[in-house]
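Next comes start-v2.txt, with compact mmCIF, C-alpha atoms and all ligand atoms.
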# COMPACT_ATOMS: atom_id res chain seq x y z
CA MET A 10 -5.80 69.13 -96.43
CA LYS A 11 -4.79 65.60 -97.32
CA HIS A 12 -1.04 65.27 -96.88
CA ILE A 13 1.01 65.36 -93.71
CA ASP A 14 3.24 68.22 -94.99
CA GLU A 15 0.23 70.50 -94.99
CA PHE A 16 -0.18 69.95 -91.27
CA ARG A 17 3.46 71.03 -90.84
CA ASN A 18 3.19 74.00 -93.17
CA LYS A 19 5.32 76.89 -91.85
CA GLY A 20 2.92 79.56 -93.12
CA LEU A 21 -0.04 77.96 -91.36
CA VAL A 22 1.99 77.51 -88.18
CA LYS A 23 3.04 81.20 -88.25
CA ASN A 24 -0.51 82.31 -88.89
CA LEU A 25 -1.80 80.31 -85.93
CA ILE A 26 0.93 81.61 -83.64
CA ASN A 27 0.01 85.19 -84.63
CA LYS A 28 -3.65 84.50 -83.90
CA ILE A 29 -2.76 82.95 -80.53
CA GLU A 30 -0.52 85.91 -79.62
CA LYS A 31 -3.27 88.35 -80.57
CA ILE A 32 -5.97 86.89 -78.33
CA SER A 33 -3.79 85.75 -75.43
CA HIS A 34 -4.18 88.32 -72.65
CA TYR A 35 -3.96 86.50 -69.31
CA GLU A 36 -2.27 83.37 -68.08
CA VAL A 37 -3.94 80.05 -68.85
CA SER A 38 -2.97 76.44 -68.19
CA ILE A 39 -3.67 73.88 -70.86
CA MET A 40 -3.12 70.17 -70.31
CA GLU A 41 -2.73 67.38 -72.85
CA VAL A 42 -3.87 63.95 -71.66
CA CYS A 43 -2.55 61.80 -74.46
CA GLY A 44 0.96 60.39 -74.68
CA GLY A 45 0.93 60.95 -78.44
CA HIS A 46 0.34 64.67 -77.86
CA THR A 47 3.09 64.79 -75.21
CA TRP A 48 5.51 63.33 -77.71
CA ALA A 49 4.38 65.60 -80.56
CA ILE A 50 4.45 68.77 -78.40
CA GLN A 51 8.05 68.09 -77.40
CA LYS A 52 9.13 66.89 -80.84
CA PHE A 53 7.84 70.00 -82.60
CA GLY A 54 8.97 72.39 -79.82
CA ILE A 55 5.43 73.76 -79.43
CA PRO A 56 6.02 75.38 -75.97
CA SER A 57 8.80 77.55 -77.40
CA LEU A 58 6.41 78.92 -80.06
CA LEU A 59 3.79 80.13 -77.59
CA PRO A 60 3.53 83.37 -75.62
CA GLU A 61 4.56 83.16 -71.95
CA THR A 62 0.93 83.48 -70.89
CA ILE A 63 0.19 79.96 -72.12
CA LYS A 64 1.40 77.20 -69.87
CA LEU A 65 1.33 73.69 -71.32
CA MET A 66 1.21 70.73 -68.96
CA SER A 67 1.39 66.99 -69.60
CA GLY A 68 -1.18 64.82 -67.86
CA PRO A 69 -1.83 61.11 -67.29
CA GLY A 70 -1.99 60.20 -70.99
CA CYS A 71 0.69 57.54 -71.21
CA PRO A 72 -0.90 54.16 -70.46
CA VAL A 73 2.34 52.48 -69.44
CA CYS A 74 3.13 55.39 -67.09
CA VAL A 75 -0.13 55.25 -65.14
CA THR A 76 -0.06 51.45 -64.81
CA SER A 77 0.67 50.37 -61.26
CA LYS A 78 3.91 48.76 -60.25
CA SER A 79 1.90 45.96 -58.63
CA PHE A 80 0.55 45.12 -62.12
CA ILE A 81 4.15 44.66 -63.33
CA ASP A 82 4.95 42.62 -60.21
CA HIS A 83 1.88 40.49 -60.93
CA ALA A 84 3.03 39.90 -64.53
CA VAL A 85 6.56 39.10 -63.33
CA ALA A 86 5.13 36.54 -60.88
CA TYR A 87 3.14 34.91 -63.71
CA SER A 88 6.22 34.80 -65.92
CA ARG A 89 7.94 32.66 -63.28
CA LEU A 90 5.22 29.98 -63.40
CA ASN A 91 5.82 26.78 -65.34
CA ASN A 92 3.95 26.24 -68.60
CA THR A 93 3.03 29.90 -68.86
CA ILE A 94 3.68 32.31 -71.72
CA ILE A 95 3.34 36.05 -71.15
CA THR A 96 2.35 38.07 -74.20
CA THR A 97 2.67 41.83 -74.16
CA PHE A 98 3.20 44.99 -76.17
CA GLY A 99 6.85 46.05 -76.34
CA ASP A 100 6.81 49.09 -74.03
CA LEU A 101 5.72 47.15 -70.98
CA ILE A 102 8.64 44.74 -70.97
CA LYS A 103 11.09 47.42 -69.79
CA VAL A 104 8.93 48.93 -67.04
CA PRO A 105 10.62 48.35 -63.70
CA GLY A 106 8.67 46.33 -61.15
CA SER A 107 9.54 46.31 -57.45
CA THR A 108 12.57 44.03 -57.79
CA SER A 109 12.51 42.86 -61.41
CA SER A 110 11.02 43.54 -64.82
CA LEU A 111 9.68 41.39 -67.61
CA GLU A 112 12.86 42.11 -69.56
CA LYS A 113 15.00 40.75 -66.72
CA GLU A 114 12.78 37.69 -66.36
CA LYS A 115 13.01 37.06 -70.10
CA SER A 116 16.81 37.20 -69.93
CA LYS A 117 16.61 34.56 -67.19
CA GLY A 118 14.60 32.27 -69.46
CA ALA A 119 10.95 33.18 -68.89
CA ASP A 120 8.77 32.73 -71.97
CA ILE A 121 7.72 36.34 -72.63
CA ARG A 122 6.71 37.26 -76.15
CA ILE A 123 6.15 40.69 -77.65
CA VAL A 124 3.04 40.79 -79.81
CA PHE A 125 1.56 43.45 -82.04
CA SER A 126 -2.06 42.62 -81.26
CA VAL A 127 -4.08 40.48 -78.92
CA LEU A 128 -4.92 38.28 -81.89
CA ASP A 129 -1.22 37.31 -82.10
CA ALA A 130 -1.50 36.25 -78.46
CA LEU A 131 -4.58 34.22 -79.28
CA LYS A 132 -2.71 32.43 -82.05
CA ILE A 133 0.05 31.55 -79.57
CA ALA A 134 -2.65 30.09 -77.31
CA GLU A 135 -4.05 27.98 -80.15
CA ASN A 136 -0.56 26.72 -81.02
CA ASN A 137 0.31 25.88 -77.41
CA PRO A 138 -2.76 24.15 -75.94
CA GLN A 139 -0.76 22.64 -73.08
CA LYS A 140 0.34 26.09 -71.82
CA LYS A 141 -1.42 29.05 -70.24
CA ILE A 142 -1.13 32.22 -72.32
CA ILE A 143 -1.54 35.48 -70.44
CA PHE A 144 -1.99 38.73 -72.40
CA LEU A 145 -1.21 41.95 -70.53
CA GLY A 146 -4.09 44.29 -71.36
CA VAL A 147 -2.87 47.85 -70.91
CA GLY A 148 -4.13 51.13 -72.32
CA PHE A 149 -7.17 53.34 -72.59
CA GLU A 150 -10.26 53.15 -74.78
CA THR A 151 -7.91 52.91 -77.80
CA THR A 152 -6.55 49.44 -77.00
CA ALA A 153 -9.49 48.05 -75.00
CA PRO A 154 -11.53 47.14 -78.13
CA GLY A 155 -8.64 44.99 -79.40
CA THR A 156 -8.48 43.14 -76.08
CA ALA A 157 -12.25 42.74 -76.14
CA ALA A 158 -12.08 41.32 -79.67
CA GLY A 159 -9.50 38.79 -78.50
CA ILE A 160 -11.74 37.65 -75.66
CA ILE A 161 -14.81 37.40 -77.91
CA ASN A 162 -12.75 35.34 -80.37
CA ALA A 163 -11.40 33.08 -77.63
CA ASP A 164 -14.96 32.55 -76.39
CA LYS A 165 -16.25 31.71 -79.88
CA LYS A 166 -13.39 29.27 -80.49
CA ASN A 167 -13.75 27.85 -76.98
CA ILE A 168 -10.07 28.42 -76.23
CA ASP A 169 -9.54 27.65 -72.56
CA ASN A 170 -5.83 28.42 -72.13
CA PHE A 171 -6.02 32.15 -72.92
CA PHE A 172 -6.22 34.79 -70.18
CA ILE A 173 -6.06 38.56 -69.79
CA LEU A 174 -4.43 40.47 -66.98
CA SER A 175 -6.29 43.74 -67.42
CA SER A 176 -5.09 47.18 -66.51
CA HIS A 177 -7.28 48.89 -69.09
CA LYS A 178 -8.46 52.32 -68.03
CA ILE A 179 -10.81 55.03 -69.27
CA MET A 180 -9.76 58.65 -69.51
CA PRO A 181 -12.61 60.95 -68.34
CA PRO A 182 -12.50 59.99 -64.62
CA ALA A 183 -8.80 60.95 -64.48
CA MET A 184 -9.56 64.29 -66.17
CA SER A 185 -12.19 65.00 -63.52
CA ALA A 186 -9.95 63.76 -60.70
CA LEU A 187 -7.24 66.26 -61.65
CA ILE A 188 -9.65 69.20 -61.40
CA ASP A 189 -11.20 67.80 -58.21
CA GLU A 190 -7.70 67.70 -56.69
CA GLY A 191 -7.27 71.40 -57.42
CA VAL A 192 -4.81 71.24 -60.32
CA LYS A 193 -5.28 74.51 -62.21
CA ILE A 194 -6.46 73.56 -65.70
CA ASN A 195 -8.28 76.00 -67.99
CA GLY A 196 -8.57 73.64 -70.95
CA TYR A 197 -7.84 70.11 -72.04
CA ILE A 198 -6.27 69.09 -75.33
CA ALA A 199 -8.34 65.91 -75.41
CA PRO A 200 -6.93 62.65 -76.77
CA GLY A 201 -7.13 62.04 -80.50
CA HIS A 202 -6.79 58.25 -80.62
CA VAL A 203 -9.08 57.57 -77.64
CA SER A 204 -11.72 59.81 -79.21
CA THR A 205 -11.71 57.92 -82.52
CA ILE A 206 -13.23 55.10 -80.47
CA THR A 207 -15.33 56.96 -77.91
CA GLY A 208 -16.48 60.00 -79.90
CA SER A 209 -16.75 63.38 -78.22
CA SER A 210 -19.63 63.00 -75.76
CA ILE A 211 -17.55 61.25 -73.07
CA TYR A 212 -15.96 64.64 -72.21
CA GLN A 213 -19.25 66.54 -71.81
CA GLY A 214 -19.01 66.43 -68.01
CA ILE A 215 -15.79 68.47 -68.07
CA PRO A 216 -17.25 71.74 -69.45
CA GLN A 217 -20.60 71.12 -67.79
CA ASN A 218 -19.32 70.43 -64.28
CA TYR A 219 -16.09 72.41 -64.20
CA ASN A 220 -16.23 75.17 -66.82
CA VAL A 221 -13.16 73.69 -68.47
CA GLY A 222 -13.06 73.35 -72.25
CA CYS A 223 -12.00 70.29 -74.26
CA VAL A 224 -10.71 70.25 -77.81
CA ILE A 225 -10.01 66.85 -79.39
CA SER A 226 -6.80 67.36 -81.30
CA GLY A 227 -4.74 65.76 -84.02
CA PHE A 228 -1.01 65.25 -83.64
CA GLU A 229 0.68 67.56 -86.12
CA PRO A 230 1.90 71.11 -85.30
CA VAL A 231 -1.01 72.75 -87.14
CA ASP A 232 -3.47 70.47 -85.30
CA ILE A 233 -2.03 71.24 -81.88
CA LEU A 234 -1.74 75.00 -82.42
CA GLN A 235 -5.26 75.16 -83.86
CA SER A 236 -6.54 73.22 -80.83
CA ILE A 237 -4.78 75.66 -78.49
CA TYR A 238 -6.34 78.56 -80.38
CA MET A 239 -9.81 76.95 -80.14
CA LEU A 240 -9.32 76.44 -76.40
CA LEU A 241 -8.21 80.05 -75.92
CA MET A 242 -11.35 81.22 -77.73
CA GLN A 243 -13.44 79.12 -75.32
CA ILE A 244 -11.53 80.33 -72.26
CA TYR A 245 -11.47 84.04 -73.06
CA ASN A 246 -15.13 84.00 -74.18
CA GLU A 247 -16.13 81.82 -71.19
CA ASP A 248 -17.91 79.51 -73.59
CA PHE A 249 -16.81 76.07 -72.44
CA LYS A 250 -17.65 73.05 -74.58
CA VAL A 251 -16.29 69.95 -76.30
CA GLU A 252 -15.00 70.61 -79.81
CA ILE A 253 -13.35 68.38 -82.37
CA GLN A 254 -10.33 69.82 -84.17
CA TYR A 255 -9.26 66.35 -85.40
CA THR A 256 -12.27 66.02 -87.71
CA ARG A 257 -10.39 63.93 -90.26
CA ALA A 258 -10.29 61.03 -87.76
CA VAL A 259 -12.83 61.66 -85.00
CA LYS A 260 -16.61 61.53 -85.43
CA PRO A 261 -18.92 62.78 -82.67
CA GLU A 262 -20.36 59.28 -82.27
CA GLY A 263 -16.95 57.54 -82.41
CA ASN A 264 -16.57 53.94 -83.49
CA VAL A 265 -19.80 52.26 -82.43
CA ILE A 266 -18.63 48.71 -83.20
CA ALA A 267 -15.52 49.16 -81.03
CA GLN A 268 -17.68 50.61 -78.23
CA GLN A 269 -19.99 47.59 -78.46
CA ALA A 270 -16.99 45.25 -78.11
CA ILE A 271 -15.86 47.09 -74.96
CA ASN A 272 -19.37 46.99 -73.49
CA GLU A 273 -19.78 43.31 -74.35
CA VAL A 274 -16.67 42.21 -72.47
CA PHE A 275 -15.80 44.76 -69.79
CA THR A 276 -17.40 46.37 -66.80
CA LEU A 277 -16.23 49.45 -64.89
CA ALA A 278 -14.29 49.10 -61.64
CA ASP A 279 -12.27 51.33 -59.34
CA ASP A 280 -8.66 51.39 -60.49
CA TRP A 281 -5.27 52.58 -59.29
CA TRP A 282 -3.43 55.24 -61.30
CA ARG A 283 0.17 56.26 -60.68
CA GLY A 284 0.15 59.64 -58.94
CA PHE A 285 -3.57 59.52 -58.16
CA GLY A 286 -4.18 56.31 -56.24
CA ILE A 287 -7.65 54.80 -56.66
CA ILE A 288 -9.98 56.63 -59.06
CA PRO A 289 -13.58 55.36 -58.84
CA ALA A 290 -15.02 53.63 -61.93
CA SER A 291 -11.91 54.34 -64.00
CA GLY A 292 -10.79 50.81 -64.87
CA LEU A 293 -12.11 48.05 -67.13
CA ILE A 294 -12.34 44.50 -65.80
CA LEU A 295 -13.87 41.46 -67.47
CA ASN A 296 -17.57 41.08 -66.71
CA SER A 297 -19.06 37.88 -65.28
CA LYS A 298 -19.85 36.46 -68.74
CA TYR A 299 -16.14 36.42 -69.61
CA SER A 300 -14.58 36.02 -66.16
CA ARG A 301 -13.13 32.62 -67.12
CA PHE A 302 -10.58 34.57 -69.19
CA ASP A 303 -9.55 36.76 -66.25
CA ALA A 304 -6.01 35.79 -65.21
CA ALA A 305 -6.30 37.62 -61.88
CA THR A 306 -9.15 35.39 -60.72
CA MET A 307 -8.35 32.16 -62.60
CA ILE A 308 -4.59 31.85 -61.98
CA SER A 309 -3.43 32.39 -58.44
CA VAL A 310 0.13 33.45 -57.82
CA GLU A 311 1.99 35.06 -54.97
CA VAL A 312 2.90 38.66 -55.82
CA GLU A 313 5.70 40.45 -54.02
CA LYS A 314 5.08 43.55 -51.92
CA THR A 315 5.25 46.70 -54.02
CA ILE A 316 8.27 48.93 -53.48
CA GLU A 317 8.16 52.35 -55.18
CA GLU A 318 11.36 53.89 -56.59
CA LYS A 319 13.07 56.41 -54.34
CA GLY A 320 13.43 59.84 -55.90
CA CYS A 321 11.11 59.22 -58.88
CA ILE A 322 8.47 61.94 -59.16
CA CYS A 323 6.46 60.32 -62.00
CA GLY A 324 3.25 60.71 -59.98
CA GLU A 325 3.59 64.51 -59.74
CA ILE A 326 4.62 64.75 -63.39
CA LEU A 327 1.52 62.79 -64.46
CA LYS A 328 -0.62 65.36 -62.64
CA GLY A 329 1.11 68.28 -64.34
CA LEU A 330 2.50 69.50 -61.01
CA LYS A 331 6.13 69.02 -61.97
CA LYS A 332 8.22 68.78 -65.13
CA PRO A 333 10.71 65.98 -65.84
CA LYS A 334 13.61 68.41 -65.34
CA ASP A 335 12.39 68.91 -61.72
CA CYS A 336 13.41 65.30 -61.03
CA LYS A 337 16.92 64.99 -59.59
CA LEU A 338 17.41 61.69 -61.42
CA PHE A 339 16.42 63.02 -64.86
CA GLY A 340 19.15 62.59 -67.46
CA THR A 341 21.71 61.35 -64.95
CA VAL A 342 20.59 58.25 -63.09
CA CYS A 343 17.42 57.95 -65.17
CA THR A 344 17.80 57.90 -68.95
CA SER A 345 15.94 56.26 -71.81
CA THR A 346 18.47 53.41 -71.85
CA ASN A 347 18.38 53.04 -68.05
CA PRO A 348 14.86 54.08 -66.99
CA VAL A 349 14.16 54.33 -63.28
CA GLY A 350 10.46 55.12 -63.58
CA ALA A 351 7.68 54.28 -66.00
CA CYS A 352 7.58 57.84 -67.43
CA MET A 353 11.04 57.29 -68.92
CA VAL A 354 10.22 53.90 -70.45
CA SER A 355 7.49 54.55 -72.97
CA HIS A 356 8.13 56.96 -75.83
CA GLU A 357 4.77 58.48 -74.84
CA GLY A 358 6.02 59.18 -71.31
CA SER A 359 6.81 62.78 -70.41
CA CYS A 360 10.30 62.02 -69.14
CA ASN A 361 11.16 60.05 -72.25
CA ALA A 362 9.84 62.79 -74.56
CA TYR A 363 11.67 65.54 -72.63
CA PHE A 364 14.85 63.46 -72.58
CA ARG A 365 14.66 62.76 -76.29
CA PHE A 366 13.89 66.27 -77.50
CA ASN A 367 15.18 68.66 -74.79
CA SER A 368 18.41 67.09 -73.51
FE1 LIG B 1 10.88 58.99 -62.60
FE2 LIG B 1 13.01 58.98 -64.21
FE3 LIG B 1 11.05 60.65 -64.69
FE4 LIG B 1 12.61 61.02 -62.58
S1 LIG B 1 13.23 61.16 -64.72
S2 LIG B 1 10.38 61.18 -62.64
S3 LIG B 1 13.05 58.91 -62.00
S4 LIG B 1 10.93 58.42 -64.75
The structure given in the file should be rewritten as structure tokens.
Amino acid sequence: MKHIDEFRNKGLVKNLINKIEKISHYEVSIMEVCGGHTWAIQKFGIPSLLPETIKLMSGPGCPVCVTSKSFIDHAVAYSRLNNTIITTFGDLIKVPGSTSSLEKEKSKGADIRIVFSVLDALKIAENNPQKKIIFLGVGFETTAPGTAAGIINADKKNIDNFFILSSHKIMPPAMSALIDEGVKINGYIAPGHVSTITGSSIYQGIPQNYNVGCVISGFEPVDILQSIYMLLMQIYNEDFKVEIQYTRAVKPEGNVIAQQAINEVFTLADDWWRGFGIIPASGLILNSKYSRFDAATMISVEVEKTIEEKGCICGEILKGLKKPKDCKLFGTVCTSTNPVGACMVSHEGSCNAYFRFNS
């Protein structure tokens, strides 16, 4: 199959649904841990196609959603400093901090620029040698290599006004943490984009330690339904393993060059995830060789005390314990144009996807 239409082919979709219905004989819970999958599952109405025995849950797969409010507060505090330019991907600008957001600070005159890659931020640094340029590094293994490449470039060019505020995270510790906390998960639809970088072996601990299967999935209806079918085969046969459904993009070994860039620049550290708190060794911080690019240690600033939103249940939604419609603010006080919590901001957030496709 080469063209996208083939992955949306009605006949193939019907065939997969029939196969799923045939083998499904007791209730199972399947979680996706990728914001792209959350969006696709809602867009294509996948839950409505499945038998009632299959419960789909969204997990902590939206990078903006799991990023702490104190990170936003930190970025807001930097944006108020003189001679400082904040560079960021678009989604982050709208995320509410404790009392402000980057969008609000920009409207008050802060120099905050949306970039499409860290290399754009590096260019801004080269063009503004008298200013400090801070890039907000957010995301999982998918975006971390880009940030690493920016740092390596800055080091090679000896650029000394470029800094990273890192909230990069890795996915497997959160997948383990969910099961450790007792969330009932029989199988994971494992992230497609993350796995193009990491390959499949990073998930081995999940079947080995927990008897929970993982299928790395693509993003089209045929991909997702085939992944669900593969997971059901694992679950009902009690043969738990890591499989790749998304073979057209994911190789078992992943992207070795991107992995080398991550390993060159970052080291693992405990990190805070919305809904979870601290997860050991789940975050990526700059290692000692590159610490001169670390905004958090090189540029001191007073950060306000974090205040969490009242009534927002993002944390429980990110653990699959609640659905967006369980939130009293969903669709009334909290909408995609007036987001209260991070899960409504990003198009990969559960609340945003539910709002967009189910309201
Ligand atoms: Fe938070 Fe809004 Fe989602 Fe409610 S609907 S959980 S307030 S983001």
| field | Top pick for closest residue to A:Ser359, considering A:Asn18, A:Gln51, A:Asn220, A:Gln139 and counting all atoms listed in the file | value | A:Gln51
| said: I'd like the contact shell of A:His83 - 9 Å cut-off, only C-alpha atoms, skipping same-chain residues fewer than 2 positions apart - returned as a ChimeraX atom specification. | reply: /A:78-81,85-88,106,174,305,310-313
Considering all atoms listed in the file, tabulate each residue of chain A that lies at most 6 Å from ligand LIG 1 (chain B) along with its nearest interatomic pair and the corresponding distance in Å to one decimal; arrange the rows by chain and ascending residue number and present them as CSV.
residue,atom,partner,partner_atom,distance
A:Cys321,CA,B:LIG1,S3,3.7
A:Ile322,CA,B:LIG1,S2,4.0
A:Cys323,CA,B:LIG1,S2,4.1
A:Pro333,CA,B:LIG1,FE3,5.5
A:Cys336,CA,B:LIG1,FE4,4.6
A:Leu338,CA,B:LIG1,FE4,5.0
A:Phe339,CA,B:LIG1,S1,3.7
A:Cys343,CA,B:LIG1,FE2,4.6
A:Pro348,CA,B:LIG1,FE2,5.9
A:Val349,CA,B:LIG1,FE2,4.9
A:Gly350,CA,B:LIG1,S4,3.5
A:Ala351,CA,B:LIG1,S4,5.4
A:Cys352,CA,B:LIG1,S4,4.3
A:Met353,CA,B:LIG1,S4,4.3
A:Cys360,CA,B:LIG1,FE3,4.7
| message | Need to verify the contact set: A:Gly227, 7 Å, all atoms listed in the file, exclusion of same-chain residues closer than 5 positions in sequence. Can you return it as a list of chain:residue names? | response |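 With the cut-off at 7 Å, the set is A:Gly201, A:Asp232, A:Ile233, A:Gln254, A:Tyr255.
In terms of minimum interatomic distance to A:Tyr245, A:Lys31 ranks closest within A:Lys113, A:Lys31, A:Lys132, A:His356, counting only C-alpha atoms.
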| request: Tell me which of A:Gly54, A:Gly45, A:Gly214, A:Pro72 sits closest to A:Pro182, counting all atoms listed in the file. | output: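 Distance minimum relative to A:Pro182 lands on A:Gly214.
Taking atom CA of A:Val42 and atom CA of A:Ile160 as endpoints, the distance between them is 27.7 Å.
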Please tabulate, as a Markdown table, the residues of stretch 107-196 of chain A that come within 12 Å of stretch 59-63 of chain A, each with its closest pair of atoms and the distance in Å to one decimal, counting all atoms listed in the file and ordering rows by chain, then residue number upward.
| residue | atom | partner | partner_atom | distance |
| --- | --- | --- | --- | --- |
| A:Ile194 | CA | A:Ile63 | CA | 11.2 |
| A:Asn195 | CA | A:Ile63 | CA | 10.2 |
| A:Gly196 | CA | A:Ile63 | CA | 10.9 |
